[in-house]
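Note sheet for the following structure.
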Amino acid sequence: MNSKKQYTTEVLKNLILDTMNNDMGIDPEHASDEAYYQALCLVVREILAEKQKVFSAHHNAQAKKRIYYISMEFLMGRSLKNSLYNLEIHKEAQAAMEQLGIDIQRMYQLEPDAGLGNGGLGRLAACYLDAMATQELPAMGYSILYEYGIFKQRIIDGWQTETPDYWLPGGNVWIKMKPDRSVAIKFGGRIEEGWEAGHHWTNHVEYTTVTAVPYDMYVSGYDSEGVAVLRLWKAQSPGFDMESFNRGDYVNAIGQSAMSEAISKVLYPNDNHTEGKVLRLKQQYFLVSASISDIIRRHITTYGTLDNFAQKNAVQINDTHPALAIPELMRVLLDDCGYSWEKAWDIVTRTFAYTNHTVMSEALEKWNVDIFRNLLPRIYQIVCEIDRRFVDTLKDRRYDNYDIDRMRIIYDYQVRMANLSVIASQSVNGVSKLHSQIIKDSVFHDYYLLTPKKFKNVTNGIASRRWLYQSNPGLTNLLNDTIGDGWLKDLSRMEELEKFADDSAVLTRLAQVKQENKLRLSNYIEQTSGVKVNLDSIFDVQVKRLHEYKRQHLNALHILSQYLYLKDHPNEPFIPKTYIFGAKAAPGYFLAKQIIKFICTLRDMIEKDPSVREKLRIVFLENYSVTISELLMPASEISQQISLAGTEASGTGNMKLMLSGAVTVGTLDGANVEIGELVGENNIFYFGMTAPEVAHLREKGYRPTDYYNKNREIKRMIDMLSCGIQGQTFPDIANNLRYDDHYMVLADFDSYRAIQNKASKVYEDRMKWQKMSLINIAKSGYFCADRAIMEYARNIWGMQL
Ligand SMILES: *Cc1c(COP(=O)(O)O)cnc(C)c1O
């Protein structure tokens, strides 16, 4: 039944009152905002749970293929507003709360973000749950119930400081414990093995057990019967270690339980970087062992056999972080179910599909063999056997030792997770056209030659409705008034807006919408930092994790050059600009933290200078998160996507900004390439080297020192970094740029400055700018996650649709 018809204002109001009176034991007359928030969320969660039951009964009856998306990260953000909008009961809920004397906006604000991810990779997983529910695919996401999500960032004297994100007090209303689905996970110990009647047997002994307890979160589709489940595993001690307890070793018994529970304590805060820590490996195996066990239980319950497992299940692994699911499924099939190696391998290699997210070497996971073998002795044996058999097939094909060493899984005392993932998956995909080509040409070239059909592309997509329908009411109304509301379910229909590209009334209204959104953001900026920004300035935005490859320092250097220009030419005309940054640095990434300090130092220098600050200003938004992005994207005019070509696999921030009408200033990297193909080169500002040019320059030998020596302006700025700005020196940034500059900031600097100047010039013609903006909006429907998910369903998961 349609939620909208079922859950009227009256029904919702009564459900909320019942929940308060009966479940929470609170008198609504004297209830706090927090109590109302709790009650409202619980009501919505039960509506979602009910809808999910109906949906799963429906697809179980049809014996549809099930989709499992395993990811160490799901950057969910808030759920309340998303759920109400997707259920299409937001107006009813607002009215119900109003009758109870509560402003629903206040309820939205009370919710903490579920920040169970770092950046783009985690947010992608969250966007895909929304899309899979909307497309009515029977989907389940699996991850870890981190007690502490991504840290909260505060900037103190320009330095990032981290505080723990203990999100559960406000967030646990969204998760429902399923204790009867708990599973036991084994770590450590050793393997006994032998032969008996021509059969190889193994026995895992002296292991430690940790219990994985699932908690479910529901994501409703929009205008659909679908609901996706996110199953989050929490680590629990399997009870007291009774043996120590009986020996009177009370302290050790408790200590053991604390060690078990450490597994789901905290999200590792690294983006595009691996640390190789034992606890991280424990987390990975904990996630996949629990998930594989759950997937198998669900399959057996329906079919009673695993023979048809690969026909009825598709498992997508989000980067290599969950790649241990591959040997884990082998283990269960071999040791627990008695399949032969050949039969088990056949099932496994038709089940898994792997999404690659990066080609940068520091992000490729490699585990030290000793760590791996000690923690996961049986899994290690299985990986060795996969490796041995793979090497044999290469030898049969007359590969030489050099090629074999490069392609095999275990080499140089390391277990290489990307190699394992490629070898065992039926599909390997990149996340933009360019990135998918690069992995075929470079990191996975050997495998591409071996199995070319395995390699695919699915360009990323975003949950467009979250950033438009839910976050940009002005633009939503404009779209509804011009092209109707069909675009909400089929985002490709946003293209119909292009008909209005020369309609000055529509362009004027578009400009008004942007102005309102800028005002809303500027109020937030004033509340949080006390600065009143110039609403007539261009809002130029770079928000994403802080990383050298994303080149926030290129942006900062250019701002410094503009500052110097304004000081030298105080009377020249200048189009005012507000540069907005948002970026968390990994806590152990020193240079990234220095770059934040550099940006904040520039900000303070400008702020002290009344002759400059109305023309040029920097805002650093603290604690960039999904929720902050929802406020920020609608107010943005320039989207900075300035990674070194060939380094950003796709980017999704670029898509969110385009959707709100921001025009991209970017390199030909990741999905920027496809954005340009869609809007046309007159509606995007490209600069810098292309990926082949970067590769060529690297091969030739890139010498940043030459730029320092030959370019007076670059020299002046780098010298300022060394000698001090506002009494602050940045020797590490200066030396890095001068002597290393791995991401070629100096090589792209002139081209970047030229394009920024061009963008400012174009902005002077407001109607021309609005037209560019409109075309960007119109073409952004392609980047909806609904489209991306249908490509996965058709081209990778082999769904009958
Ligand atoms: C979309 C998003 C990202 C990804 O941004 P990129 O620019 O693609 O790196 C990171 N963090 C948050 C909070 C996001 O919403």
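Convention: chains lettered A, B, ... in structure tokens order; per-chain residue numbering from 1; ligands numbered from 1 as shown.
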Nearby residues, ligand 1, 7 Å, only C-alpha atoms and all ligand atoms, as an mmCIF file with all heavy atoms, in the first residue's frame:
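pocket06.cif, written as the output of this step:
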data_model
loop_
_atom_site.group_PDB
_atom_site.id
_atom_site.type_symbol
_atom_site.label_atom_id
_atom_site.label_comp_id
_atom_site.auth_asym_id
_atom_site.auth_seq_id
_atom_site.Cartn_x
_atom_site.Cartn_y
_atom_site.Cartn_z
ATOM 1 N N ASN A 118 34.799 7.836 5.120
ATOM 2 C CA ASN A 118 35.760 8.931 5.021
ATOM 3 C C ASN A 118 35.376 9.999 4.011
ATOM 4 O O ASN A 118 35.484 11.181 4.286
ATOM 5 C CB ASN A 118 37.117 8.364 4.632
ATOM 6 C CG ASN A 118 37.889 7.860 5.829
ATOM 7 O OD1 ASN A 118 38.373 8.659 6.622
ATOM 8 N ND2 ASN A 118 37.971 6.554 5.990
ATOM 9 N N GLY A 119 34.985 9.562 2.815
ATOM 10 C CA GLY A 119 34.754 10.512 1.733
ATOM 11 C C GLY A 119 33.972 9.847 0.623
ATOM 12 O O GLY A 119 32.990 9.140 0.863
ATOM 13 N N GLY A 120 34.463 10.047 -0.611
ATOM 14 C CA GLY A 120 33.722 9.617 -1.790
ATOM 15 C C GLY A 120 33.362 8.136 -1.819
ATOM 16 O O GLY A 120 32.233 7.782 -2.165
ATOM 17 N N ARG A 123 30.549 7.502 0.648
ATOM 18 C CA ARG A 123 29.308 8.149 0.242
ATOM 19 C C ARG A 123 28.714 7.430 -0.970
ATOM 20 O O ARG A 123 27.504 7.323 -1.107
ATOM 21 C CB ARG A 123 29.540 9.634 -0.053
ATOM 22 C CG ARG A 123 28.274 10.398 -0.425
ATOM 23 C CD ARG A 123 27.161 10.295 0.634
ATOM 24 N NE ARG A 123 25.876 10.006 0.017
ATOM 25 C CZ ARG A 123 24.724 9.784 0.678
ATOM 26 N NH1 ARG A 123 24.678 9.829 1.995
ATOM 27 N NH2 ARG A 123 23.631 9.518 0.028
ATOM 28 N N VAL A 543 35.443 21.437 -1.908
ATOM 29 C CA VAL A 543 35.135 20.629 -0.728
ATOM 30 C C VAL A 543 35.366 19.163 -1.047
ATOM 31 O O VAL A 543 34.824 18.627 -1.996
ATOM 32 C CB VAL A 543 33.686 20.845 -0.241
ATOM 33 C CG1 VAL A 543 33.541 22.178 0.458
ATOM 34 C CG2 VAL A 543 32.679 20.721 -1.365
ATOM 35 N N LYS A 544 36.178 18.507 -0.245
ATOM 36 C CA LYS A 544 36.572 17.120 -0.444
ATOM 37 C C LYS A 544 37.632 16.815 0.597
ATOM 38 O O LYS A 544 38.129 17.718 1.259
ATOM 39 C CB LYS A 544 37.131 16.903 -1.850
ATOM 40 C CG LYS A 544 38.166 17.960 -2.250
ATOM 41 C CD LYS A 544 38.642 17.806 -3.690
ATOM 42 C CE LYS A 544 37.659 18.301 -4.724
ATOM 43 N NZ LYS A 544 36.970 17.229 -5.435
ATOM 44 N N ARG A 545 38.006 15.539 0.760
ATOM 45 C CA ARG A 545 39.090 15.239 1.673
ATOM 46 C C ARG A 545 40.356 16.008 1.272
ATOM 47 O O ARG A 545 40.586 16.273 0.092
ATOM 48 C CB ARG A 545 39.378 13.722 1.676
ATOM 49 C CG ARG A 545 38.349 12.929 2.441
ATOM 50 C CD ARG A 545 38.301 13.330 3.905
ATOM 51 N NE ARG A 545 39.488 12.917 4.606
ATOM 52 C CZ ARG A 545 39.552 11.915 5.474
ATOM 53 N NH1 ARG A 545 38.473 11.233 5.786
ATOM 54 N NH2 ARG A 545 40.686 11.600 6.063
ATOM 55 N N TYR A 624 33.691 19.297 7.430
ATOM 56 C CA TYR A 624 32.946 18.998 6.195
ATOM 57 C C TYR A 624 32.330 17.599 6.301
ATOM 58 O O TYR A 624 33.013 16.622 6.630
ATOM 59 C CB TYR A 624 33.871 19.083 4.979
ATOM 60 C CG TYR A 624 33.139 18.794 3.693
ATOM 61 C CD1 TYR A 624 32.016 19.544 3.347
ATOM 62 C CD2 TYR A 624 33.525 17.755 2.851
ATOM 63 C CE1 TYR A 624 31.308 19.271 2.179
ATOM 64 C CE2 TYR A 624 32.834 17.486 1.686
ATOM 65 C CZ TYR A 624 31.727 18.252 1.366
ATOM 66 O OH TYR A 624 31.025 17.973 0.220
ATOM 67 N N SER A 625 31.044 17.521 6.009
ATOM 68 C CA SER A 625 30.285 16.278 6.208
ATOM 69 C C SER A 625 29.145 16.252 5.200
ATOM 70 O O SER A 625 28.920 17.232 4.479
ATOM 71 C CB SER A 625 29.707 16.262 7.618
ATOM 72 O OG SER A 625 28.855 17.396 7.772
ATOM 73 N N VAL A 626 28.419 15.151 5.153
ATOM 74 C CA VAL A 626 27.288 15.063 4.228
ATOM 75 C C VAL A 626 26.295 16.191 4.513
ATOM 76 O O VAL A 626 25.828 16.875 3.600
ATOM 77 C CB VAL A 626 26.602 13.674 4.338
ATOM 78 C CG1 VAL A 626 25.320 13.638 3.512
ATOM 79 C CG2 VAL A 626 27.557 12.580 3.870
ATOM 80 N N SER A 629 27.500 19.462 3.309
ATOM 81 C CA SER A 629 27.461 19.514 1.839
ATOM 82 C C SER A 629 26.044 19.824 1.339
ATOM 83 O O SER A 629 25.870 20.482 0.323
ATOM 84 C CB SER A 629 27.972 18.205 1.222
ATOM 85 O OG SER A 629 26.955 17.232 1.152
ATOM 86 N N SER A 650 37.062 9.179 -10.040
ATOM 87 C CA SER A 650 35.841 9.726 -10.619
ATOM 88 C C SER A 650 35.551 11.099 -10.032
ATOM 89 O O SER A 650 35.475 12.111 -10.722
ATOM 90 C CB SER A 650 34.649 8.797 -10.351
ATOM 91 O OG SER A 650 33.440 9.484 -10.542
ATOM 92 N N GLY A 651 35.443 11.117 -8.689
ATOM 93 C CA GLY A 651 34.884 12.284 -8.034
ATOM 94 C C GLY A 651 33.378 12.148 -8.070
ATOM 95 O O GLY A 651 32.797 11.619 -9.035
ATOM 96 N N THR A 652 32.734 12.564 -6.994
ATOM 97 C CA THR A 652 31.269 12.652 -6.981
ATOM 98 C C THR A 652 30.837 14.026 -6.482
ATOM 99 O O THR A 652 29.723 14.457 -6.752
ATOM 100 C CB THR A 652 30.641 11.563 -6.082
ATOM 101 O OG1 THR A 652 31.307 11.569 -4.816
ATOM 102 C CG2 THR A 652 30.748 10.196 -6.732
ATOM 103 N N GLY A 653 31.745 14.709 -5.779
ATOM 104 C CA GLY A 653 31.468 16.089 -5.380
ATOM 105 C C GLY A 653 31.207 16.940 -6.625
ATOM 106 O O GLY A 653 30.303 17.785 -6.635
ATOM 107 N N ASN A 654 31.972 16.680 -7.675
ATOM 108 C CA ASN A 654 31.770 17.376 -8.952
ATOM 109 C C ASN A 654 30.319 17.233 -9.451
ATOM 110 O O ASN A 654 29.728 18.186 -9.958
ATOM 111 C CB ASN A 654 32.784 16.890 -10.001
ATOM 112 C CG ASN A 654 32.906 15.368 -10.074
ATOM 113 O OD1 ASN A 654 32.189 14.649 -9.372
ATOM 114 N ND2 ASN A 654 33.824 14.877 -10.900
ATOM 115 N N LYS A 656 27.568 16.546 -7.519
ATOM 116 C CA LYS A 656 26.641 17.248 -6.616
ATOM 117 C C LYS A 656 26.634 18.735 -6.925
ATOM 118 O O LYS A 656 25.588 19.389 -6.886
ATOM 119 C CB LYS A 656 27.065 17.045 -5.153
ATOM 120 C CG LYS A 656 27.044 15.614 -4.684
ATOM 121 C CD LYS A 656 27.768 15.482 -3.332
ATOM 122 C CE LYS A 656 28.175 14.051 -3.075
ATOM 123 N NZ LYS A 656 29.162 13.940 -1.965
#
List as a tab-separated table every residue of region 595-653 of chain A that is in contact with region 468-486 of chain A, defined as an atom at most 7 Å from one of its atoms (using only C-alpha atoms), together with the nearest atom pair and the distance in Å rounded to one decimal, sorted by chain and then rising number.
residue	atom	partner	partner_atom	distance
A:Glu630	CA	A:Ser471	CA	5.7
A:Leu631	CA	A:Ser471	CA	6.8
A:Pro634	CA	A:Asn472	CA	5.9
List every residue of region 434-658 of chain A that DSSP, applied to the backbone of this structure, places in alpha helix (DSSP H), and write the result as a PyMOL selection string.
-> chain A and resi 434-441+445-450+464-467+473-483+504-529+552-568+590-607+610-613+626-632+653-658
Residue set, region 137-374 of chain A restricted to strand (DSSP E or B), as a ChimeraX atom specification | /A:139-144,148,152-156,159-163,166,176-177,183-187,190-196,199-205,208-220,227-236,266,313-318,352-355,366-368
Nearest to Ala785 (chain A) by atom-to-atom distance, counting only C-alpha atoms, from A:Asn429, A:Ser260, A:Asn523, A:Thr134 | A:Thr134
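Residue nearest His90 (chain A) within the list A:Thr9, A:Asp23, A:Asn711, A:Tyr68: A:Thr9 [criterion: smallest interatomic distance, only C-alpha atoms].
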Please identify all polymer residues within 12 Å of His742 (chain A), counting only C-alpha atoms, omitting same-chain residues fewer than 4 positions from it, and present them as a PyMOL selection string.
-> chain A and resi 360+547-551+643-644+647+694-695+697-698+701-704+733+735-738+746-747
Next, dump the selected residues to file, keeping only N, CA, C and O atoms, as a compact mmCIF listing (two decimals), in the first residue's frame.
# COMPACT_ATOMS: atom_id res chain seq x y z
N MET A 360 46.54 4.87 -7.23
CA MET A 360 47.71 5.37 -6.53
C MET A 360 48.29 4.30 -5.61
O MET A 360 47.57 3.65 -4.86
N HIS A 547 43.97 16.16 0.33
CA HIS A 547 44.98 15.24 -0.16
C HIS A 547 45.84 15.98 -1.18
O HIS A 547 45.33 16.82 -1.92
N GLU A 548 47.13 15.66 -1.19
CA GLU A 548 48.00 16.33 -2.17
C GLU A 548 47.50 16.14 -3.60
O GLU A 548 47.58 17.06 -4.41
N TYR A 549 46.96 14.95 -3.90
CA TYR A 549 46.57 14.73 -5.30
C TYR A 549 45.36 15.57 -5.69
O TYR A 549 45.17 15.91 -6.85
N LYS A 550 44.56 15.97 -4.71
CA LYS A 550 43.40 16.82 -4.98
C LYS A 550 43.81 18.30 -5.12
O LYS A 550 43.03 19.13 -5.56
N ARG A 551 44.99 18.60 -4.67
CA ARG A 551 45.67 19.87 -4.91
C ARG A 551 44.97 21.10 -4.34
O ARG A 551 44.90 22.15 -5.00
N SER A 643 42.27 18.09 -9.35
CA SER A 643 43.23 17.00 -9.16
C SER A 643 44.16 16.89 -10.37
O SER A 643 43.79 17.25 -11.50
N LEU A 644 45.37 16.38 -10.13
CA LEU A 644 46.27 16.10 -11.25
C LEU A 644 45.63 15.04 -12.15
O LEU A 644 45.19 13.99 -11.66
N THR A 647 44.67 11.03 -11.52
CA THR A 647 44.71 10.62 -10.10
C THR A 647 43.34 10.46 -9.46
O THR A 647 43.17 9.61 -8.59
N VAL A 694 50.62 14.17 -18.50
CA VAL A 694 51.23 13.95 -17.19
C VAL A 694 52.18 12.75 -17.26
O VAL A 694 53.32 12.80 -16.79
N ALA A 695 51.69 11.66 -17.86
CA ALA A 695 52.51 10.45 -17.95
C ALA A 695 53.80 10.74 -18.73
O ALA A 695 54.89 10.29 -18.35
N LEU A 697 55.32 13.67 -19.13
CA LEU A 697 56.22 14.54 -18.36
C LEU A 697 56.95 13.74 -17.27
O LEU A 697 58.14 13.94 -17.03
N ARG A 698 56.24 12.83 -16.64
CA ARG A 698 56.85 11.99 -15.61
C ARG A 698 57.99 11.14 -16.19
O ARG A 698 59.06 11.02 -15.61
N GLY A 701 60.92 13.13 -16.90
CA GLY A 701 61.57 13.64 -15.69
C GLY A 701 61.05 15.03 -15.39
O GLY A 701 61.45 16.01 -16.06
N TYR A 702 60.17 15.12 -14.41
CA TYR A 702 59.57 16.41 -14.05
C TYR A 702 60.49 17.14 -13.10
O TYR A 702 60.94 16.56 -12.10
N ARG A 703 60.79 18.39 -13.40
CA ARG A 703 61.72 19.15 -12.56
C ARG A 703 61.06 20.41 -12.04
O ARG A 703 61.14 21.47 -12.67
N PRO A 704 60.42 20.33 -10.88
CA PRO A 704 59.72 21.50 -10.33
C PRO A 704 60.66 22.68 -10.08
O PRO A 704 60.25 23.84 -10.19
N ILE A 733 55.75 22.54 2.90
CA ILE A 733 55.04 22.76 1.63
C ILE A 733 56.02 23.35 0.61
O ILE A 733 56.08 22.92 -0.55
N ASN A 735 59.34 23.20 0.42
CA ASN A 735 60.33 22.24 -0.08
C ASN A 735 59.70 21.17 -0.95
O ASN A 735 60.27 20.75 -1.95
N ASN A 736 58.51 20.74 -0.55
CA ASN A 736 57.82 19.74 -1.35
C ASN A 736 57.57 20.28 -2.77
O ASN A 736 57.85 19.60 -3.76
N LEU A 737 57.07 21.49 -2.86
CA LEU A 737 56.77 22.05 -4.19
C LEU A 737 58.03 22.25 -5.00
O LEU A 737 58.07 21.98 -6.20
N ARG A 738 59.07 22.68 -4.34
CA ARG A 738 60.30 23.04 -5.06
C ARG A 738 61.09 21.83 -5.53
O ARG A 738 61.68 21.85 -6.61
N LEU A 746 53.10 22.99 -9.81
CA LEU A 746 53.77 24.10 -10.49
C LEU A 746 53.57 24.01 -12.01
O LEU A 746 53.42 25.04 -12.68
N ALA A 747 53.56 22.80 -12.51
CA ALA A 747 53.40 22.63 -13.97
C ALA A 747 52.02 23.12 -14.43
O ALA A 747 51.87 23.60 -15.55
Find the spatial neighbours of region 571-580 of chain A, counting only C-alpha atoms, within a cut-off of 7 Å - ignore same-chain residues fewer than 3 positions away - and output them as a ChimeraX atom specification.
-> /A:537-542,614-620,760
